[in-house]
file query28.cif (mmCIF, C-alpha atoms)
data_structure
loop_
_atom_site.group_PDB
_atom_site.id
_atom_site.type_symbol
_atom_site.label_atom_id
_atom_site.label_comp_id
_atom_site.auth_asym_id
_atom_site.auth_seq_id
_atom_site.Cartn_x
_atom_site.Cartn_y
_atom_site.Cartn_z
ATOM 1 C CA MET A 806 3.005 8.839 -17.348
ATOM 2 C CA ILE A 807 0.096 6.387 -17.447
ATOM 3 C CA ILE A 808 1.045 2.931 -18.657
ATOM 4 C CA ASN A 809 -1.672 1.100 -20.598
ATOM 5 C CA PRO A 810 -2.534 -1.905 -18.385
ATOM 6 C CA TYR A 811 -3.500 -3.870 -21.481
ATOM 7 C CA ALA A 812 -0.262 -3.211 -23.359
ATOM 8 C CA PHE A 813 1.227 -6.368 -24.848
ATOM 9 C CA GLY A 814 -2.071 -8.170 -24.177
ATOM 10 C CA VAL A 815 -1.505 -8.286 -20.418
ATOM 11 C CA ALA A 816 -3.706 -6.952 -17.631
ATOM 12 C CA TYR A 817 -1.184 -6.090 -14.926
ATOM 13 C CA ASP A 818 -1.552 -6.692 -11.206
ATOM 14 C CA PRO A 819 -2.772 -3.439 -9.583
ATOM 15 C CA ASP A 820 0.343 -3.143 -7.399
ATOM 16 C CA ALA A 821 2.604 -3.660 -10.395
ATOM 17 C CA GLN A 822 0.586 -1.071 -12.300
ATOM 18 C CA ALA A 823 0.976 1.413 -9.439
ATOM 19 C CA PHE A 824 4.743 0.946 -9.645
ATOM 20 C CA PHE A 825 4.734 1.512 -13.418
ATOM 21 C CA THR A 826 2.636 4.647 -13.087
ATOM 22 C CA ALA A 827 4.770 6.164 -10.324
ATOM 23 C CA SER A 828 8.182 5.298 -11.728
ATOM 24 C CA GLY A 829 7.533 5.677 -15.452
ATOM 25 C CA LEU A 830 9.139 2.302 -16.105
ATOM 26 C CA THR A 831 8.777 1.153 -19.715
ATOM 27 C CA GLY A 832 9.798 -1.794 -21.864
ATOM 28 C CA ALA A 833 7.916 -5.042 -22.325
ATOM 29 C CA THR A 834 10.552 -7.174 -20.578
ATOM 30 C CA ASN A 835 10.765 -4.839 -17.589
ATOM 31 C CA LEU A 836 7.012 -4.675 -17.163
ATOM 32 C CA THR A 837 6.644 -8.428 -17.482
ATOM 33 C CA ALA A 838 9.411 -9.055 -14.927
ATOM 34 C CA ILE A 839 7.921 -6.736 -12.313
ATOM 35 C CA ASN A 840 4.392 -7.969 -12.819
ATOM 36 C CA GLN A 841 5.381 -11.616 -12.475
ATOM 37 C CA LEU A 842 7.448 -10.831 -9.381
ATOM 38 C CA VAL A 843 4.430 -9.236 -7.703
ATOM 39 C CA VAL A 844 2.168 -12.116 -8.728
ATOM 40 C CA ASP A 845 4.665 -14.694 -7.456
ATOM 41 C CA LEU A 846 5.230 -12.969 -4.108
ATOM 42 C CA LYS A 847 1.482 -12.799 -3.580
ATOM 43 C CA SER A 848 0.936 -16.426 -4.551
ATOM 44 C CA TYR A 849 3.612 -17.511 -2.054
ATOM 45 C CA GLY A 850 2.057 -15.387 0.716
ATOM 46 C CA ILE A 851 5.199 -13.243 0.986
ATOM 47 C CA TRP A 852 3.958 -9.902 -0.360
ATOM 48 C CA THR A 853 2.210 -8.899 2.875
ATOM 49 C CA LYS A 854 5.406 -9.512 4.875
ATOM 50 C CA MET A 855 7.377 -6.903 2.938
ATOM 51 C CA LYS A 856 8.016 -3.357 4.103
ATOM 52 C CA ALA A 857 10.341 -2.476 1.242
ATOM 53 C CA ILE A 858 11.166 -4.208 -2.035
ATOM 54 C CA TYR A 859 13.887 -2.697 -4.202
ATOM 55 C CA PRO A 860 13.786 -4.399 -7.642
ATOM 56 C CA ILE A 861 16.604 -2.150 -8.964
ATOM 57 C CA ILE A 862 15.216 -2.068 -12.488
ATOM 58 C CA GLY A 863 15.451 0.447 -15.305
ATOM 59 C CA GLY A 864 19.163 1.167 -15.584
ATOM 60 C CA ASN A 865 19.500 4.530 -13.824
ATOM 61 C CA ALA A 866 19.243 6.069 -10.350
ATOM 62 C CA ALA A 867 15.881 7.700 -11.092
ATOM 63 C CA LEU A 868 14.340 4.264 -11.732
ATOM 64 C CA HIS A 869 16.402 2.252 -9.240
ATOM 65 C CA LYS A 870 15.196 4.284 -6.255
ATOM 66 C CA TRP A 871 11.617 2.988 -6.117
ATOM 67 C CA ASN A 872 10.089 0.771 -3.427
ATOM 68 C CA LEU A 873 7.821 -1.724 -5.197
ATOM 69 C CA LYS A 874 5.710 -2.158 -2.062
ATOM 70 C CA ASP A 875 4.943 1.575 -1.754
ATOM 71 C CA PRO A 876 5.872 3.473 -4.932
ATOM 72 C CA ARG A 877 5.566 7.019 -3.653
ATOM 73 C CA ASP A 878 8.459 9.458 -3.987
ATOM 74 C CA LEU A 879 8.587 10.095 -0.238
ATOM 75 C CA ASP A 880 10.891 9.272 2.690
ATOM 76 C CA VAL A 881 7.955 7.647 4.505
ATOM 77 C CA ALA A 882 7.494 5.329 1.515
ATOM 78 C CA PHE A 883 11.103 4.127 1.948
ATOM 79 C CA ARG A 884 12.280 5.044 -1.537
ATOM 80 C CA LEU A 885 16.050 5.155 -1.909
ATOM 81 C CA THR A 886 18.247 8.233 -1.964
ATOM 82 C CA PHE A 887 21.646 7.454 -3.481
ATOM 83 C CA SER A 888 24.766 9.169 -2.130
ATOM 84 C CA GLY A 889 28.446 8.968 -3.036
ATOM 85 C CA GLY A 890 29.723 6.897 -5.913
ATOM 86 C CA TRP A 891 27.369 4.506 -7.721
ATOM 87 C CA THR A 892 27.308 3.012 -11.213
ATOM 88 C CA HIS A 893 23.798 2.335 -12.478
ATOM 89 C CA SER A 894 23.111 -0.030 -15.359
ATOM 90 C CA ALA A 895 20.597 -2.589 -16.614
ATOM 91 C CA THR A 896 22.233 -5.253 -14.421
ATOM 92 C CA GLY A 897 21.855 -3.318 -11.154
ATOM 93 C CA ALA A 898 23.327 -0.629 -8.919
ATOM 94 C CA LEU A 899 27.031 -0.871 -8.103
ATOM 95 C CA PRO A 900 28.402 1.042 -5.055
ATOM 96 C CA ASN A 901 32.035 2.134 -5.200
ATOM 97 C CA GLY A 902 33.111 0.709 -1.827
ATOM 98 C CA THR A 903 34.396 4.015 -0.461
ATOM 99 C CA ASN A 904 31.440 6.386 -0.033
ATOM 100 C CA GLY A 905 28.530 4.947 -1.999
ATOM 101 C CA TYR A 906 25.341 4.063 -0.158
ATOM 102 C CA ALA A 907 21.577 4.465 -0.504
ATOM 103 C CA ASP A 908 19.448 5.550 2.447
ATOM 104 C CA THR A 909 16.242 3.522 2.676
ATOM 105 C CA PHE A 910 14.706 5.829 5.322
ATOM 106 C CA LEU A 911 13.429 2.657 6.998
ATOM 107 C CA THR A 912 14.249 2.659 10.722
ATOM 108 C CA PRO A 913 14.042 -0.785 12.353
ATOM 109 C CA SER A 914 12.870 0.538 15.731
ATOM 110 C CA THR A 915 9.777 2.124 14.173
ATOM 111 C CA SER A 916 9.048 -0.188 11.237
ATOM 112 C CA LEU A 917 10.100 -3.743 12.119
ATOM 113 C CA LEU A 918 9.300 -6.421 14.683
ATOM 114 C CA GLN A 919 12.107 -7.349 17.071
ATOM 115 C CA ASN A 920 11.470 -11.089 16.820
ATOM 116 C CA SER A 921 10.319 -11.280 13.209
ATOM 117 C CA SER A 922 12.472 -9.505 10.638
ATOM 118 C CA HIS A 923 14.457 -10.181 7.483
ATOM 119 C CA ILE A 924 16.799 -8.335 5.147
ATOM 120 C CA SER A 925 17.966 -9.523 1.724
ATOM 121 C CA TYR A 926 20.519 -8.598 -0.943
ATOM 122 C CA TYR A 927 21.090 -10.048 -4.424
ATOM 123 C CA SER A 928 24.809 -9.708 -5.109
ATOM 124 C CA ARG A 929 26.182 -9.930 -8.643
ATOM 125 C CA THR A 930 29.814 -9.329 -7.634
ATOM 126 C CA GLN A 931 32.611 -11.621 -6.519
ATOM 127 C CA SER A 932 34.412 -9.790 -3.713
ATOM 128 C CA ASN A 933 36.156 -10.792 -0.494
ATOM 129 C CA GLY A 934 36.717 -7.489 1.301
ATOM 130 C CA LEU A 935 35.534 -5.985 4.578
ATOM 131 C CA GLU A 936 32.159 -4.826 3.295
ATOM 132 C CA VAL A 937 28.570 -4.574 4.541
ATOM 133 C CA GLU A 938 25.865 -4.819 1.910
ATOM 134 C CA ILE A 939 22.899 -3.663 4.001
ATOM 135 C CA GLY A 940 22.994 -2.610 7.638
ATOM 136 C CA SER A 941 21.872 -0.463 10.551
ATOM 137 C CA SER A 942 23.244 -0.145 14.092
ATOM 138 C CA THR A 943 22.459 1.890 17.199
ATOM 139 C CA GLY A 944 26.155 2.381 17.949
ATOM 140 C CA PRO A 945 29.577 2.479 16.286
ATOM 141 C CA ASN A 946 30.031 -1.277 15.898
ATOM 142 C CA PRO A 947 28.255 -4.219 14.261
ATOM 143 C CA GLY A 948 28.040 -5.655 17.795
ATOM 144 C CA ASP A 949 25.586 -2.987 18.914
ATOM 145 C CA ALA A 950 21.856 -3.627 18.437
ATOM 146 C CA ALA A 951 22.064 -4.174 14.722
ATOM 147 C CA SER A 952 20.896 -5.907 11.606
ATOM 148 C CA LEU A 953 23.253 -6.499 8.708
ATOM 149 C CA LEU A 954 24.330 -8.720 5.870
ATOM 150 C CA GLU A 955 28.111 -8.777 5.492
ATOM 151 C CA ILE A 956 28.703 -10.956 2.467
ATOM 152 C CA ARG A 957 32.044 -12.770 2.264
ATOM 153 C CA THR A 958 34.709 -10.997 4.292
ATOM 154 C CA SER A 959 37.812 -13.216 4.314
ATOM 155 C CA GLY A 960 35.719 -16.094 3.018
ATOM 156 C CA THR A 961 32.914 -15.729 5.555
ATOM 157 C CA THR A 962 29.404 -14.310 5.246
ATOM 158 C CA TYR A 963 27.951 -12.778 8.438
ATOM 159 C CA TYR A 964 24.251 -12.576 9.300
ATOM 160 C CA ARG A 965 22.886 -10.518 12.201
ATOM 161 C CA VAL A 966 19.237 -9.634 12.831
ATOM 162 C CA ASN A 967 18.194 -7.391 15.750
ATOM 163 C CA SER A 968 20.871 -8.499 18.191
ATOM 164 C CA GLN A 969 23.986 -7.527 20.088
ATOM 165 C CA GLY A 970 25.036 -11.150 20.403
ATOM 166 C CA SER A 971 27.305 -13.158 18.161
ATOM 167 C CA TYR A 972 26.894 -13.416 14.421
ATOM 168 C CA ILE A 973 25.854 -16.522 12.627
ATOM 169 C CA THR A 974 28.239 -17.243 9.774
ATOM 170 C CA TYR A 975 28.723 -19.237 6.601
ATOM 171 C CA SER A 976 32.019 -20.138 4.897
ATOM 172 C CA ASP A 977 31.380 -18.724 1.455
ATOM 173 C CA ALA A 978 33.271 -19.616 -1.720
ATOM 174 C CA ASP A 979 31.483 -17.097 -3.942
ATOM 175 C CA SER A 980 29.708 -13.844 -3.039
ATOM 176 C CA ARG A 981 27.462 -13.899 -6.119
ATOM 177 C CA ALA A 982 24.068 -15.080 -4.856
ATOM 178 C CA PHE A 983 20.812 -14.070 -3.183
ATOM 179 C CA TYR A 984 21.288 -13.699 0.583
ATOM 180 C CA ILE A 985 18.669 -13.459 3.334
ATOM 181 C CA GLY A 986 19.307 -12.700 7.005
ATOM 182 C CA ASN A 987 16.214 -13.865 8.869
ATOM 183 C CA ARG A 988 14.799 -13.900 12.412
ATOM 184 C CA THR A 989 11.571 -15.728 13.260
ATOM 185 C CA GLY A 990 11.689 -15.804 17.071
ATOM 186 C CA VAL A 991 13.385 -14.408 20.160
ATOM 187 C CA SER A 992 16.114 -17.060 19.795
ATOM 188 C CA VAL A 993 15.638 -18.230 16.215
ATOM 189 C CA VAL A 994 17.849 -16.706 13.538
ATOM 190 C CA ASN A 995 19.051 -18.092 10.231
ATOM 191 C CA GLY A 996 20.937 -17.192 7.095
ATOM 192 C CA TRP A 997 20.124 -18.171 3.536
ATOM 193 C CA ARG A 998 22.147 -18.364 0.340
ATOM 194 C CA ASN A 999 19.833 -18.815 -2.636
ATOM 195 C CA SER A 1000 17.362 -21.590 -1.728
ATOM 196 C CA THR A 1001 19.525 -23.146 0.989
ATOM 197 C CA LYS A 1002 19.533 -22.369 4.707
ATOM 198 C CA VAL A 1003 23.286 -22.249 5.324
ATOM 199 C CA ALA A 1004 23.453 -20.907 8.893
ATOM 200 C CA THR A 1005 21.306 -21.245 12.004
ATOM 201 C CA GLY A 1006 21.615 -19.889 15.538
ATOM 202 C CA THR A 1007 19.919 -19.230 18.845
ATOM 203 C CA THR A 1008 21.287 -15.738 19.488
ATOM 204 C CA ALA A 1009 18.558 -13.867 21.356
ATOM 205 C CA SER A 1010 17.190 -10.647 19.917
ATOM 206 C CA SER A 1011 18.204 -7.664 22.033
ATOM 207 C CA GLY A 1012 16.641 -4.689 20.314
ATOM 208 C CA LEU A 1013 15.998 -2.776 17.127
ATOM 209 C CA SER A 1014 18.367 -0.181 15.708
ATOM 210 C CA ASN A 1015 17.218 3.438 15.719
ATOM 211 C CA ARG A 1016 19.172 4.326 12.565
ATOM 212 C CA THR A 1017 17.912 3.856 9.028
ATOM 213 C CA PHE A 1018 19.078 0.979 6.885
ATOM 214 C CA TRP A 1019 21.661 1.757 4.254
ATOM 215 C CA LEU A 1020 21.828 -0.232 1.052
ATOM 216 C CA GLY A 1021 25.427 -0.714 -0.061
ATOM 217 C CA GLY A 1022 26.742 0.241 3.364
ATOM 218 C CA PHE A 1023 26.430 0.093 7.139
ATOM 219 C CA ASN A 1024 24.757 3.000 8.943
ATOM 220 C CA SER A 1025 26.294 3.374 12.405
ATOM 221 C CA THR A 1026 27.696 6.091 14.632
ATOM 222 C CA GLY A 1027 31.242 4.865 13.963
ATOM 223 C CA ALA A 1028 33.333 4.500 10.835
ATOM 224 C CA PRO A 1029 31.018 3.241 8.080
ATOM 225 C CA TYR A 1030 31.556 0.108 6.043
ATOM 226 C CA TYR A 1031 30.770 0.219 2.337
ATOM 227 C CA SER A 1032 30.250 -2.424 -0.335
ATOM 228 C CA THR A 1033 31.584 -3.093 -3.822
ATOM 229 C CA LYS A 1034 28.926 -5.682 -4.651
ATOM 230 C CA GLU A 1035 26.443 -4.857 -7.390
ATOM 231 C CA CYS A 1036 22.881 -5.009 -6.069
ATOM 232 C CA ALA A 1037 20.162 -6.425 -8.318
ATOM 233 C CA PHE A 1038 17.460 -6.720 -5.637
ATOM 234 C CA SER A 1039 16.985 -6.053 -1.930
ATOM 235 C CA SER A 1040 14.183 -6.251 0.600
ATOM 236 C CA ILE A 1041 13.312 -5.518 4.233
ATOM 237 C CA GLY A 1042 10.369 -6.959 6.108
ATOM 238 C CA ASP A 1043 8.989 -9.532 8.518
ATOM 239 C CA GLY A 1044 10.623 -12.869 9.246
ATOM 240 C CA LEU A 1045 10.128 -15.688 6.747
ATOM 241 C CA THR A 1046 9.390 -19.351 7.359
ATOM 242 C CA ASP A 1047 11.742 -21.862 5.749
ATOM 243 C CA THR A 1048 9.204 -22.503 3.005
ATOM 244 C CA GLU A 1049 8.718 -18.779 2.405
ATOM 245 C CA ALA A 1050 12.477 -18.148 2.270
ATOM 246 C CA ALA A 1051 12.954 -20.893 -0.320
ATOM 247 C CA ASN A 1052 9.983 -19.637 -2.344
ATOM 248 C CA PHE A 1053 11.288 -16.081 -2.086
ATOM 249 C CA TYR A 1054 14.479 -17.167 -3.834
ATOM 250 C CA THR A 1055 12.439 -18.915 -6.519
ATOM 251 C CA ALA A 1056 10.474 -15.718 -7.200
ATOM 252 C CA VAL A 1057 13.507 -13.445 -7.171
ATOM 253 C CA GLN A 1058 15.578 -15.768 -9.339
ATOM 254 C CA ALA A 1059 12.753 -16.005 -11.890
ATOM 255 C CA TYR A 1060 12.665 -12.190 -11.908
ATOM 256 C CA GLN A 1061 16.416 -11.972 -12.527
ATOM 257 C CA THR A 1062 16.210 -14.614 -15.248
ATOM 258 C CA THR A 1063 13.531 -12.643 -17.115
ATOM 259 C CA LEU A 1064 15.931 -9.687 -17.064
ATOM 260 C CA ALA A 1065 18.847 -11.902 -18.207
ATOM 261 C CA ARG A 1066 21.005 -10.912 -15.231
ATOM 262 C CA GLN A 1067 20.659 -13.982 -13.014
ATOM 263 C CA ILE A 1068 23.606 -15.461 -11.093
#
call {"tool": "encode", "arguments": {"input": "query28.cif", "output": "structure tokens"}}
result
Amino acid sequence: MIINPYAFGVAYDPDAQAFFTASGLTGATNLTAINQLVVDLKSYGIWTKMKAIYPIIGGNAALHKWNLKDPRDLDVAFRLTFSGGWTHSATGALPNGTNGYADTFLTPSTSLLQNSSHISYYSRTQSNGLEVEIGSSTGPNPGDAASLLEIRTSGTTYYRVNSQGSYITYSDADSRAFYIGNRTGVSVVNGWRNSTKVATGTTASSGLSNRTFWLGGFNSTGAPYYSTKECAFSSIGDGLTDTEAANFYTAVQAYQTTLARQI
């Protein structure tokens, strides 16, 4: 399906238009939200740092799978493949916490930089269980060379980016927010909740996982962890400066607000 780039009196950004053409996304509000997100990420200098952007828009698995940064229906384009139990709706994609996950096909060891990487997850669910929202590990445990966001287990959110060392953590009262796990140097790692840097650390990077990232779960050689938190956005890419991380939240929150599903 070819979407008229001048529909609703708007000439869309070429990358937004490519996403519309590939996915078949329709609806004035949806198109406006995606276009403005692309424009904002470019204006903040963040677009080029992204390997995968999952806007989770359209209300069903066929539309939620697309990578905004590379909207081809291919593993090498890092589009999602959903497995297990998921509930898809206009507000996002909700994994069931027992076997639901989405494979991104993005392997850190071949696609990311060891000392400059981030992962993000926009959670719309209040939950306090042992869950990993996005993760990848070389071994059976989160302590192996891994990257993950584990949002609010027993009141604590855990951030790990490309390390076998200790987590950085944040005492979290509410798991409904936009979270970023971020590394910008060999010994510089931080965690964000919305526009605030809530955790910092000096844990050295030790390597990149050779297993693909799962969305809604933790991909390891051991027993997997799954999530019950509805995802309304996720991303994987290079590390972000403090200014970029704060601006990233601004762009993503504006996107969610246009769709009337903001937290």
call {"tool": "closest_atom_pairs", "arguments": {"input": "query28.cif", "of": "range 895-997 of chain A", "to": "range 1017-1041 of chain A", "cutoff": "9 Å", "atoms": "only C-alpha atoms", "output": "Markdown table"}}
result
| residue | atom | partner | partner_atom | distance |
| --- | --- | --- | --- | --- |
| A:Thr896 | CA | A:Ala1037 | CA | 6.6 |
| A:Gly897 | CA | A:Ala1037 | CA | 4.5 |
| A:Ala898 | CA | A:Cys1036 | CA | 5.2 |
| A:Leu899 | CA | A:Glu1035 | CA | 4.1 |
| A:Pro900 | CA | A:Thr1033 | CA | 5.4 |
| A:Asn901 | CA | A:Thr1033 | CA | 5.4 |
| A:Gly902 | CA | A:Ser1032 | CA | 4.5 |
| A:Thr903 | CA | A:Tyr1031 | CA | 5.9 |
| A:Asn904 | CA | A:Tyr1031 | CA | 6.6 |
| A:Gly905 | CA | A:Gly1021 | CA | 6.7 |
| A:Tyr906 | CA | A:Gly1021 | CA | 4.8 |
| A:Ala907 | CA | A:Leu1020 | CA | 5.0 |
| A:Asp908 | CA | A:Trp1019 | CA | 4.7 |
| A:Thr909 | CA | A:Phe1018 | CA | 5.7 |
| A:Phe910 | CA | A:Thr1017 | CA | 5.3 |
| A:Leu911 | CA | A:Thr1017 | CA | 5.1 |
| A:Thr912 | CA | A:Thr1017 | CA | 4.2 |
| A:Pro913 | CA | A:Thr1017 | CA | 6.9 |
| A:Leu917 | CA | A:Ile1041 | CA | 8.7 |
| A:Ser922 | CA | A:Ile1041 | CA | 7.6 |
| A:His923 | CA | A:Ile1041 | CA | 5.8 |
| A:Ile924 | CA | A:Ile1041 | CA | 4.6 |
| A:Ser925 | CA | A:Ser1040 | CA | 5.1 |
| A:Tyr926 | CA | A:Ser1039 | CA | 4.5 |
| A:Tyr927 | CA | A:Phe1038 | CA | 5.1 |
| A:Ser928 | CA | A:Cys1036 | CA | 5.2 |
| A:Arg929 | CA | A:Glu1035 | CA | 5.2 |
| A:Thr930 | CA | A:Lys1034 | CA | 4.8 |
| A:Gln931 | CA | A:Lys1034 | CA | 7.2 |
| A:Ser932 | CA | A:Lys1034 | CA | 6.9 |
| A:Gly934 | CA | A:Ser1032 | CA | 8.4 |
| A:Leu935 | CA | A:Tyr1030 | CA | 7.4 |
| A:Glu936 | CA | A:Ser1032 | CA | 4.8 |
| A:Val937 | CA | A:Gly1022 | CA | 5.3 |
| A:Glu938 | CA | A:Gly1021 | CA | 4.6 |
| A:Ile939 | CA | A:Leu1020 | CA | 4.6 |
| A:Gly940 | CA | A:Phe1023 | CA | 4.4 |
| A:Ser941 | CA | A:Asn1024 | CA | 4.8 |
| A:Ser942 | CA | A:Ser1025 | CA | 5.0 |
| A:Thr943 | CA | A:Ser1025 | CA | 6.3 |
| A:Gly944 | CA | A:Thr1026 | CA | 5.2 |
| A:Pro945 | CA | A:Gly1027 | CA | 3.7 |
| A:Asn946 | CA | A:Gly1027 | CA | 6.6 |
| A:Pro947 | CA | A:Ser1025 | CA | 8.1 |
| A:Ala951 | CA | A:Ser1025 | CA | 9.0 |
| A:Ser952 | CA | A:Phe1018 | CA | 8.5 |
| A:Leu953 | CA | A:Phe1023 | CA | 7.5 |
| A:Glu955 | CA | A:Ser1032 | CA | 8.9 |
| A:Ile956 | CA | A:Lys1034 | CA | 8.9 |
| A:Ser980 | CA | A:Lys1034 | CA | 8.4 |
| A:Arg981 | CA | A:Lys1034 | CA | 8.5 |
| A:Phe983 | CA | A:Phe1038 | CA | 8.4 |
| A:Ile985 | CA | A:Ser1040 | CA | 8.9 |
call {"tool": "closest_residue", "arguments": {"input": "query28.cif", "among": "A:Thr974, A:Lys847, A:Leu954, A:Asp979", "to": "Asn933 in chain A", "atoms": "only C-alpha atoms"}}
result
A:Asp979
call {"tool": "closest_residue", "arguments": {"input": "query28.cif", "among": "A:Ala821, A:Leu1013, A:Ala895, A:Ile862", "to": "Ser916 in chain A", "atoms": "all atoms listed in the file"}}
result
A:Leu1013
call {"tool": "closest_residue", "arguments": {"input": "query28.cif", "among": "A:Ala950, A:Val993, A:Ala816, A:Val1003", "to": "Tyr963 in chain A", "atoms": "only C-alpha atoms"}}
result
A:Val1003
call {"tool": "residues_around", "arguments": {"input": "query28.cif", "residues": "Leu873 in chain A", "least_positions_apart": "4", "cutoff": "8 Å", "atoms": "only C-alpha atoms", "output": "list of chain:residue names"}}
result
A:Asp820, A:Ala821, A:Phe824, A:Ala857, A:Ile858, A:Tyr859, A:Pro860
call {"tool": "atom_distance", "arguments": {"input": "query28.cif", "atom1": "CA of Thr962 in chain A", "atom2": "CA of Ala882 in chain A"}}
result
29.7 Å
call {"tool": "atom_distance", "arguments": {"input": "query28.cif", "atom1": "CA of Arg988 in chain A", "atom2": "CA of Ile973 in chain A"}}
result
11.4 Å
call {"tool": "atom_distance", "arguments": {"input": "query28.cif", "atom1": "CA of Tyr964 in chain A", "atom2": "CA of Ala1051 in chain A"}}
result
17.0 Å
call {"tool": "resolve_selection", "arguments": {"input": "query28.cif", "expression": "the PyMOL selection byres ((chain A and resi 1054) around 12)", "output": "MDAnalysis selection string"}}
result
chainID A and resid 842 845:846 849 851 925:927 982:985 997:1002 1038:1040 1045 1047:1053 1055:1062 1067:1068
call {"tool": "closest_residue", "arguments": {"input": "query28.cif", "among": "A:Asn967, A:Asn865, A:Asn872, A:Thr958", "to": "Ser1011 in chain A", "atoms": "all atoms listed in the file"}}
result
A:Asn967
call {"tool": "closest_residue", "arguments": {"input": "query28.cif", "among": "A:His869, A:Ser976, A:Pro876, A:Ala1004", "to": "Thr892 in chain A", "atoms": "all atoms listed in the file"}}
result
A:His869
call {"tool": "residues_around", "arguments": {"input": "query28.cif", "residues": "Ser921 in chain A", "least_positions_apart": "3", "cutoff": "7 Å", "atoms": "all atoms listed in the file", "output": "ChimeraX atom specification"}}
result
/A:918,988-990,1043-1044
call {"tool": "closest_residue", "arguments": {"input": "query28.cif", "among": "A:Thr1063, A:Ser1010, A:Thr915, A:Gln841", "to": "Gln969 in chain A", "atoms": "all atoms listed in the file"}}
result
A:Ser1010
call {"tool": "decode", "arguments": {"input": "query28.cif", "residues": "range 847-852 of chain A", "atoms": "all heavy atoms", "output": "short mmCIF file (atom, residue, chain, number, x, y, z; two decimals), in the first residue's frame"}}
result
data_model
loop_
_atom_site.label_atom_id
_atom_site.label_comp_id
_atom_site.auth_asym_id
_atom_site.auth_seq_id
_atom_site.Cartn_x
_atom_site.Cartn_y
_atom_site.Cartn_z
N LYS A 847 15.43 13.26 14.93
CA LYS A 847 16.45 13.86 14.06
C LYS A 847 16.88 15.23 14.56
O LYS A 847 18.07 15.56 14.55
CB LYS A 847 15.91 13.94 12.63
CG LYS A 847 15.81 12.58 11.94
CD LYS A 847 15.33 12.71 10.50
CE LYS A 847 15.31 11.36 9.83
NZ LYS A 847 14.86 11.43 8.41
N SER A 848 15.93 16.03 15.01
CA SER A 848 16.28 17.37 15.47
C SER A 848 17.15 17.33 16.72
O SER A 848 17.97 18.22 16.95
CB SER A 848 15.01 18.19 15.74
OG SER A 848 14.32 17.71 16.89
N TYR A 849 16.98 16.29 17.55
CA TYR A 849 17.79 16.13 18.75
C TYR A 849 19.12 15.42 18.49
O TYR A 849 19.91 15.21 19.41
CB TYR A 849 17.02 15.35 19.80
CG TYR A 849 15.86 16.09 20.43
CD1 TYR A 849 14.62 15.47 20.59
CD2 TYR A 849 16.00 17.39 20.88
CE1 TYR A 849 13.56 16.13 21.19
CE2 TYR A 849 14.94 18.07 21.48
CZ TYR A 849 13.72 17.43 21.63
OH TYR A 849 12.66 18.08 22.22
N GLY A 850 19.35 15.00 17.24
CA GLY A 850 20.59 14.30 16.91
C GLY A 850 20.64 12.87 17.41
O GLY A 850 21.72 12.29 17.56
N ILE A 851 19.48 12.27 17.67
CA ILE A 851 19.40 10.93 18.24
C ILE A 851 19.15 9.87 17.18
O ILE A 851 19.55 8.71 17.33
CB ILE A 851 18.28 10.88 19.31
CG1 ILE A 851 18.61 11.86 20.45
CG2 ILE A 851 18.10 9.49 19.88
CD1 ILE A 851 17.47 12.05 21.43
N TRP A 852 18.50 10.23 16.10
CA TRP A 852 18.11 9.26 15.07
C TRP A 852 19.27 8.41 14.59
O TRP A 852 19.15 7.19 14.45
CB TRP A 852 17.48 10.02 13.89
CG TRP A 852 17.09 9.17 12.72
CD1 TRP A 852 17.78 8.98 11.57
CD2 TRP A 852 15.89 8.39 12.60
NE1 TRP A 852 17.11 8.15 10.71
CE2 TRP A 852 15.93 7.77 11.33
CE3 TRP A 852 14.80 8.15 13.42
CZ2 TRP A 852 14.92 6.93 10.87
CZ3 TRP A 852 13.78 7.32 12.97
CH2 TRP A 852 13.85 6.72 11.71
#
